[in-house]
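Peer 1: Take a look at this one; I'll ask things after.
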Amino acid sequence: MSSDVSCLSRNLLLVATFLYSALLAATVNAEDGYDLWLRYQPLEVEARDNYRPQLRQLVIPGREDSRTLQAIGDELLRGVGGLIGRAPEMASRIRGDGFVLVATPGSSADVRAAQLPMDALGEEGYLIRAISLRGHTGTLVTANSERGLLYGSFHLLRLLQTRDALVGLDISSSPRIGLRLLNHWDNLDRSVERGYAGQSIWDWWNLPDVLDPRYTDYARANAAIGINGTVLNNVNASADSLTPRYLDKAAALAEVFRPYGIRMYLSARFSAPVEIGGLETADPQSPAVQRWWQHKADEIYQRIPDFGGFLVKANSEGQPGPQDYGRSHAEGANLLARALAPHGGVVMWRAFVYQQDNPEDRAKQAYSDFVPLDGQFDDNVIVQVKNGPIDFQPREPFHPMFGAMPKTPLMMEFQITKEYLGFASHLAYLGPMYEEVLRADTFAEGPGSTVTKVIDGSLHGQRLTGIAGVANIGRDRDWSGSTFNQANWYVFGRMAWNPDLAAATVARDWLKITFSDNPELLAGALDIMLASRQAVVDYMTPLGLAHLMATGHHYGPGPWVSDLARPEWNPAYYHRADRNGIGFDRTAEGSNAVAQYATPVVEKFASRSRVGEDLLLWFHHLPWDHRMNSGRDLWEELVYRYDRGLAEVQEMRTQWQALAPLVDRERFDKTARLLAVQEREAKWWRDASIAYFQSVSARPLPDGVAPPARDLAYYRALEFPWTPGH
Ligand code: GCW
């Protein structure tokens with residue numbers, strides 16, 4: 001009896017031990033997405049065996065005295081150790097074949113003696129070379145600065161992650177754009193405007209005392225893709241961010257970011273001198289106001305000596321600004337710029353403005369306000385322009401300000417968070433959208449005057465250059481609300497460094513790093529990614545339509561909305577559909593927004609046949625029976641596009657299911673579930689939009705097209721009081 005009991009308990013113990021180790025193994029291998037592209041899971045055996053002889057020792061002269069060099073060392077040990085299963089030995093000098101030397105000409109006599117082409121690298125660029133030194137072969141990462149070494153080291157790790165050969169390496173890379181920034185629309189209460197990945201990662205309340213390890217991982221992730229600055233707080237800013245208490249908190253974060261080459265910036269509220277300074281006015285002409293900003297800048301630089309500067313949203317959507325005092329955007333920007341100039345800071349002044357009671361086509365207002373000010377901005381001001389003239393829609397033409405202000409540096413503002421592309425739940429890879437905008441030809445100085453050349457400064461000889469992405473980062477374990485949303489953060493960084501990179505190339509890198517280099521996985525997932533953005537365009541706003549989202553939260557369709565106080569808040573303002581036709585006439589017969597583009601572009605956009613169907617209804621109001629390239633009429637084509645978008649999402653789901661054996665459980669399931677949400681919502685968009693436009697056009701559905709599942713009244717009555725990000 002007693003032996004039975006002990007046998008039973010022994011068995012139980014065995015089972016428990018087994019379960020425990022199984023659980024442990026599962027946890028160790030758990031892929032919850034936290035690691036982003038710093039995922040250093042072991043490579044395939046063959047790759048590991050190949051790399052091992054080449055990664056034996058790590059030599060980083062001067063490491064003891066520099067936090068950046070320490071960060072580099074830690075990252076390389078961790079990365080190489082994880083990827084090939086054996087960390088290199090940290091050595092003080094080259095001892096044999098298979099060394100990795102990370103050094104500037106200043107920190108290593110060997111590098112100096114090698115006389116490498118360092119000039120072209122600038123401050124942040126780097127070289128990675130296969131090299132022979134002291135009779136041994138190895139790899140050299142070199143640069144003019146420690147920041148360059150940092151970027152080069154991350155590139156070296158990426159080579160392993162993408163399974164590239166180290167033999168014969170000769171890479172030279174430097175960023176084309178100077179300021180490569182994230183913009184967080186994060187509030188002090190940890191809510192995030194247009195954020196769909198949980199609360200803000202900035203724990204303002206517990207700062208500066210508590211430093212979440214996430215802050216370091218955030219800095220690592222950004223440095224790995226070349227991002228070199230971050231604006232911590234929402235452009236709809238609270239002046240409290242500029243009070244000493246909050247500056248102390250920001251300074252603690254700056255300290256964490258510094259070794260990773262990430263400078264801190266803050267959104268500044270224009271009326272701060274009144275709100276926290278006790279002044280009567282925020283007028284740029286007032287000497288007291290000027291002094292207040294100078295003093296504020298001094299106060300900031302005392303705490304954060306490498307502070308980057310201010311981002312400002314002024315006279316837009318109710319925010320205070322210089323126009324409240326009859327002053328121009330240039331006068332407002334220069335006020336802050338002069339306070340920052342002695343410290344080397346910049347002002348990023350946003351051009352996202354449109355005014356209450358201004359009857360002008362909203363797509364024209366920013367250009368009308370800013371272009372006449374060309375030449376009036378101080379040297380340390382850069383004007384930040386959204387990619388399109390309205391507002392981060394699934395597709396817009398490039399903003400007409402690009403190319404139109406030769407004397408003013410302009411920086412790009414992309415949205416990484418998907419306010420208008422299905423929040424965090426829809427899979428939409430934004431690489432193709434960024435690529436489309438960057439490659440668009442403004443013709444400002446003749447053919448080849450691409451948007452890229454405007455923002456990299458080469459078109460008009462600008463020295464101050466920049467690009468910003470509105471972050472999709474929150475407290476969610478996977479940072480961005482889904483695995484595939486991480487790709488949007490990733491591609492933003494990679495294209496900020498090199499705007500000529502193809503969206504498909506970056507997607508492939510990301511897939512290899514994030515999942516594996518299994519060819520079937522790469523092919524299937526790449527297909528999904530590359531088709532995804534056009535799918536969203538098709539099921540939300542096909543053929544150049546825009547801003548049809550429901551009011552305020554922008555979740556789901558609301559093309560019927562036409563009763564809001566300001567005309568340009570209404571979807572009906574944008575689509576202008578009636579019994580006869582649909583679209584916004586922006587030709588000379590209409591709002592003439594086309595005239596804001598350079599000559600050949602005007603003609604293209606103004607022509608119904610040349611504009612291209614993707615932007616057709618952005619620029620033209622056309623009758624429902626307008627003949628399209630397909631032979632269908634406009635009404636039939638519209639319905640066809642909605643169907644096509646939905647069908648694409650169904651296809652994406654099927655493709656993802658086929659990848660089940662190739663993806664770890666947790667990330668596979670979450671993506672599968674989100675794709676199911678996307679399909680349901682794509683169908684909702686399709687059905688509601690068709691129901692509405694049919695109520696207006698009074699046209700029959702083309703043969704064989706499924707009628708919407710519910711009647712229009714049903715869709716109109718839907719309400720979503722607790723949508724995130726609003
Ligand atoms: O797209 C709109 C958003 C606002 C945002 C604004 C802007 C920060 O709906 O939430 O405010 O753009 O870019 O300023």
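Residues are referred to by chain and number: the chain letter is A, B, ... according to the order shown in the structure tokens, the number counts from 1 in that chain, and ligands are numbered separately from 1 in the order shown.
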Would you write out, as a Markdown table, a table of all residues in chain A that have an atom no more than 6 Å from an atom of ligand 1, listing for each the closest atom pair and the distance in Å to one decimal, considering only C-alpha atoms and all ligand atoms and ordering rows by chain and rising residue number?

Peer 2:
| residue | atom | partner | partner_atom_place_in_ligand_line | distance |
| --- | --- | --- | --- | --- |
| A:Glu193 | CA | ligand 1 | 10 (O) | 5.9 |
| A:Val235 | CA | ligand 1 | 8 (C) | 5.6 |
| A:Asn236 | CA | ligand 1 | 8 (C) | 5.4 |
| A:Asp391 | CA | ligand 1 | 1 (O) | 5.3 |

Peer 1: Using only C-alpha atoms, which residues of segment 366-471 of chain A come within 10 Å of segment 298-320 of chain A, and what is the closest atom pair for each, with the distance in Å to one decimal? Give it as CSV, sorted by chain and residue number.

Peer 2:
residue,atom,partner,partner_atom,distance
A:Asn380,CA,A:Gly309,CA,9.6
A:Val381,CA,A:Phe310,CA,9.7
A:Ile382,CA,A:Leu311,CA,9.6
A:Val383,CA,A:Leu311,CA,9.6
A:Gln384,CA,A:Leu311,CA,8.8

Peer 1: Mind checking which residues fall within 8 Å of Ile513 of chain A, counting only C-alpha atoms, ignoring those fewer than 3 positions away in the same chain, and posting them as number ranges by chain?

Peer 2: A: 37, 39, 158, 161-162, 509-510, 516-517

Peer 1: Identify, on the basis of only C-alpha atoms, every residue whose closest approach to Leu615 of chain A does not exceed 12 Å; exclude the query and any residue fewer than 6 positions from it along the same chain; express the result as a ChimeraX atom specification.

Peer 2: /A:393-398,537,541-546,583-586,604-609,621

Peer 1: Give me the residues within 12 Å of Asn206 of chain A as a list in words, counting only C-alpha atoms and dropping any in the same chain fewer than 2 places off.

Peer 2: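 The filter keeps Leu188, Asp189, Arg190, Ile201, Trp202, Asp203, Trp204, Pro208, Asp209, Val210, Leu211, Asp212, Arg245, Tyr246, Asp248, Lys249, Ala250, Ala252 and Leu253 of chain A.
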
Peer 1: Extract, using only C-alpha atoms, all DNA, RNA and protein residues at most 10 Å from Ala691 of chain A, discarding same-chain residues fewer than 4 positions from it, and format them as a PyMOL selection string.

Peer 2: chain A and resi 685-687+695-696+701+707-713+715

Peer 1: Grab the residues selected above and save them as a tab-separated table (two decimals), in the first residue's frame with C-alpha atoms.

Peer 2:
chain	number	residue	atom	x	y	z
A	685	TRP	CA	-16.68	48.91	-45.43
A	686	ARG	CA	-17.65	47.40	-48.77
A	687	ASP	CA	-21.27	46.81	-47.85
A	695	SER	CA	-28.69	55.33	-52.42
A	696	VAL	CA	-27.16	58.39	-54.06
A	701	LEU	CA	-25.78	46.70	-58.85
A	707	PRO	CA	-25.99	43.10	-52.41
A	708	PRO	CA	-24.88	44.57	-49.06
A	709	ALA	CA	-25.73	42.32	-46.13
A	710	ARG	CA	-27.84	45.01	-44.37
A	711	ASP	CA	-29.66	48.14	-45.39
A	712	LEU	CA	-28.09	51.59	-45.22
A	713	ALA	CA	-30.02	52.55	-42.08
A	715	TYR	CA	-24.78	50.98	-41.09

Peer 1: Calculated over only C-alpha atoms, which of the candidates A:Ser458, A:Asn387, A:Thr505, A:Ser689 has the smallest distance to Met549 of chain A?

Peer 2: A:Ser689

Peer 1: Just checking: using only C-alpha atoms, which residue out of A:Asp74, A:Asp625, A:Asp538, A:Asp217 ends up closest to Asp643 of chain A?

Peer 2: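 Among A:Asp74, A:Asp625, A:Asp538, A:Asp217, it is A:Asp538 that comes nearest to Asp643 of chain A.
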
Peer 1: Env of Thr68 of chain A: 7 Å cut, atoms = only C-alpha atoms, seq-sep filter 2 positions within chain, self excluded. Answer as a compact mmCIF listing (two decimals) with all heavy atoms, in the first residue's frame.

Peer 2:
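Output contents, as saved in around-v8.txt:
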# COMPACT_ATOMS: atom_id res chain seq x y z
N SER A 66 33.31 54.78 -22.80
CA SER A 66 32.22 55.35 -23.59
C SER A 66 30.96 54.50 -23.49
O SER A 66 30.99 53.29 -23.70
CB SER A 66 32.65 55.46 -25.06
OG SER A 66 31.54 55.33 -25.91
N GLN A 70 30.16 50.85 -25.15
CA GLN A 70 29.68 49.75 -24.31
C GLN A 70 28.39 49.16 -24.87
O GLN A 70 28.21 47.95 -24.92
CB GLN A 70 29.45 50.22 -22.88
CG GLN A 70 30.69 50.09 -22.03
CD GLN A 70 30.63 50.99 -20.81
OE1 GLN A 70 29.57 51.33 -20.31
NE2 GLN A 70 31.80 51.41 -20.34
N ALA A 71 27.52 50.07 -25.29
CA ALA A 71 26.25 49.59 -25.87
C ALA A 71 26.53 48.74 -27.11
O ALA A 71 25.90 47.70 -27.33
CB ALA A 71 25.36 50.78 -26.22
N ILE A 72 27.49 49.18 -27.91
CA ILE A 72 27.85 48.41 -29.11
C ILE A 72 28.36 47.03 -28.72
O ILE A 72 27.94 46.01 -29.27
CB ILE A 72 28.93 49.16 -29.93
CG1 ILE A 72 28.35 50.44 -30.52
CG2 ILE A 72 29.50 48.26 -31.03
CD1 ILE A 72 29.39 51.33 -31.20
N GLU A 146 31.39 57.66 -32.95
CA GLU A 146 30.89 56.46 -32.27
C GLU A 146 29.47 56.13 -32.74
O GLU A 146 29.08 54.97 -32.80
CB GLU A 146 30.92 56.66 -30.76
CG GLU A 146 32.35 56.74 -30.25
CD GLU A 146 32.44 56.89 -28.74
OE1 GLU A 146 31.39 57.05 -28.08
OE2 GLU A 146 33.57 56.85 -28.22
N PRO A 259 23.33 57.25 -25.32
CA PRO A 259 24.34 56.35 -25.89
C PRO A 259 23.91 55.75 -27.23
O PRO A 259 24.74 55.27 -27.99
CB PRO A 259 24.46 55.23 -24.84
CG PRO A 259 23.80 55.72 -23.62
CD PRO A 259 22.87 56.83 -24.00
N TYR A 260 22.63 55.79 -27.50
CA TYR A 260 22.12 55.20 -28.74
C TYR A 260 21.93 56.23 -29.85
O TYR A 260 21.28 55.97 -30.86
CB TYR A 260 20.81 54.46 -28.47
CG TYR A 260 21.04 53.27 -27.56
CD1 TYR A 260 20.91 53.39 -26.18
CD2 TYR A 260 21.48 52.06 -28.08
CE1 TYR A 260 21.18 52.32 -25.34
CE2 TYR A 260 21.75 50.98 -27.25
CZ TYR A 260 21.60 51.12 -25.88
OH TYR A 260 21.88 50.06 -25.06

Peer 1: Give the answer as one residue: which of A:Arg699, A:His726, A:Arg56, A:Arg194 has the shortest atom-to-atom distance to Arg95 of chain A, using only C-alpha atoms?

Peer 2: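 When distances to Arg95 of chain A are compared using only C-alpha atoms, the smallest one comes from A:Arg56.
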
Peer 1: DSSP says alpha helix (DSSP H) for which residues of segment 40-288 of chain A? Put them as a PyMOL selection string?

Peer 2: chain A and resi 45-51+67-84+109-114+146-161+213-224+244-257+272-275+287-288

Peer 1: To one decimal in Å, tell me the separation between atom CA of Tyr151 of chain A and atom CA of Ala502 of chain A.

Peer 2: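 Atom CA of Tyr151 of chain A sits 20.0 Å away from atom CA of Ala502 of chain A.
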
Peer 1: Considering only C-alpha atoms, tabulate each residue of segment 468-524 of chain A that lies at most 12 Å from segment 451-454 of chain A along with its nearest interatomic pair and the corresponding distance in Å to one decimal; arrange the rows by chain and ascending residue number and present them as a Markdown table.

Peer 2:
| residue | atom | partner | partner_atom | distance |
| --- | --- | --- | --- | --- |
| A:Met495 | CA | A:Thr452 | CA | 10.2 |
| A:Ala496 | CA | A:Thr452 | CA | 9.9 |
| A:Trp497 | CA | A:Thr452 | CA | 11.5 |
| A:Asn498 | CA | A:Thr452 | CA | 9.7 |
| A:Pro499 | CA | A:Thr452 | CA | 6.6 |
| A:Asp500 | CA | A:Thr452 | CA | 8.1 |
| A:Leu501 | CA | A:Thr452 | CA | 11.3 |

Peer 1: Looking at A:Ala577, A:Leu169, A:Gly524, A:Glu44, which one is nearest to Gln655 of chain A, with distances taken over only C-alpha atoms?

Peer 2: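 Nearest candidate to Gln655 of chain A out of A:Ala577, A:Leu169, A:Gly524, A:Glu44: A:Gly524.
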
Peer 1: Which of segment 172-281 of chain A counts as strand (DSSP E) under DSSP, as an mmCIF file with C-alpha atoms, in the first residue's frame please?

Peer 2:
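Dumped to part.cif:
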data_model
loop_
_atom_site.group_PDB
_atom_site.id
_atom_site.type_symbol
_atom_site.label_atom_id
_atom_site.label_comp_id
_atom_site.auth_asym_id
_atom_site.auth_seq_id
_atom_site.Cartn_x
_atom_site.Cartn_y
_atom_site.Cartn_z
ATOM 1 C CA SER A 172 29.748 52.019 -47.277
ATOM 2 C CA SER A 173 26.598 53.649 -46.011
ATOM 3 C CA LEU A 179 16.804 64.329 -38.847
ATOM 4 C CA ARG A 180 15.197 60.887 -38.757
ATOM 5 C CA LEU A 181 12.570 61.184 -36.103
ATOM 6 C CA LEU A 182 9.650 59.512 -34.491
ATOM 7 C CA ASN A 183 6.793 61.755 -33.434
ATOM 8 C CA GLY A 229 15.591 61.533 -32.643
ATOM 9 C CA THR A 230 12.253 61.363 -30.962
ATOM 10 C CA VAL A 231 9.567 63.856 -30.070
ATOM 11 C CA ARG A 263 18.246 63.096 -29.382
ATOM 12 C CA MET A 264 15.187 64.257 -27.619
ATOM 13 C CA TYR A 265 12.730 66.840 -28.897
ATOM 14 C CA LEU A 266 9.522 68.176 -27.403
ATOM 15 C CA SER A 267 6.288 69.471 -28.855
#

Peer 1: Rank nothing, just name the residue among A:Ala424, A:Val102, A:Ala531, A:Val536 nearest to Pro724 of chain A, using only C-alpha atoms.

Peer 2: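 Of A:Ala424, A:Val102, A:Ala531, A:Val536, the one nearest Pro724 of chain A, counting only C-alpha atoms, is A:Ala424.
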
Peer 1: Determine the nearest neighbour of Thr723 of chain A from the options A:Tyr196, A:Glu679, A:Ala404, A:Leu38, counting only C-alpha atoms.

Peer 2: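 The answer is A:Tyr196, which sits nearest to Thr723 of chain A.
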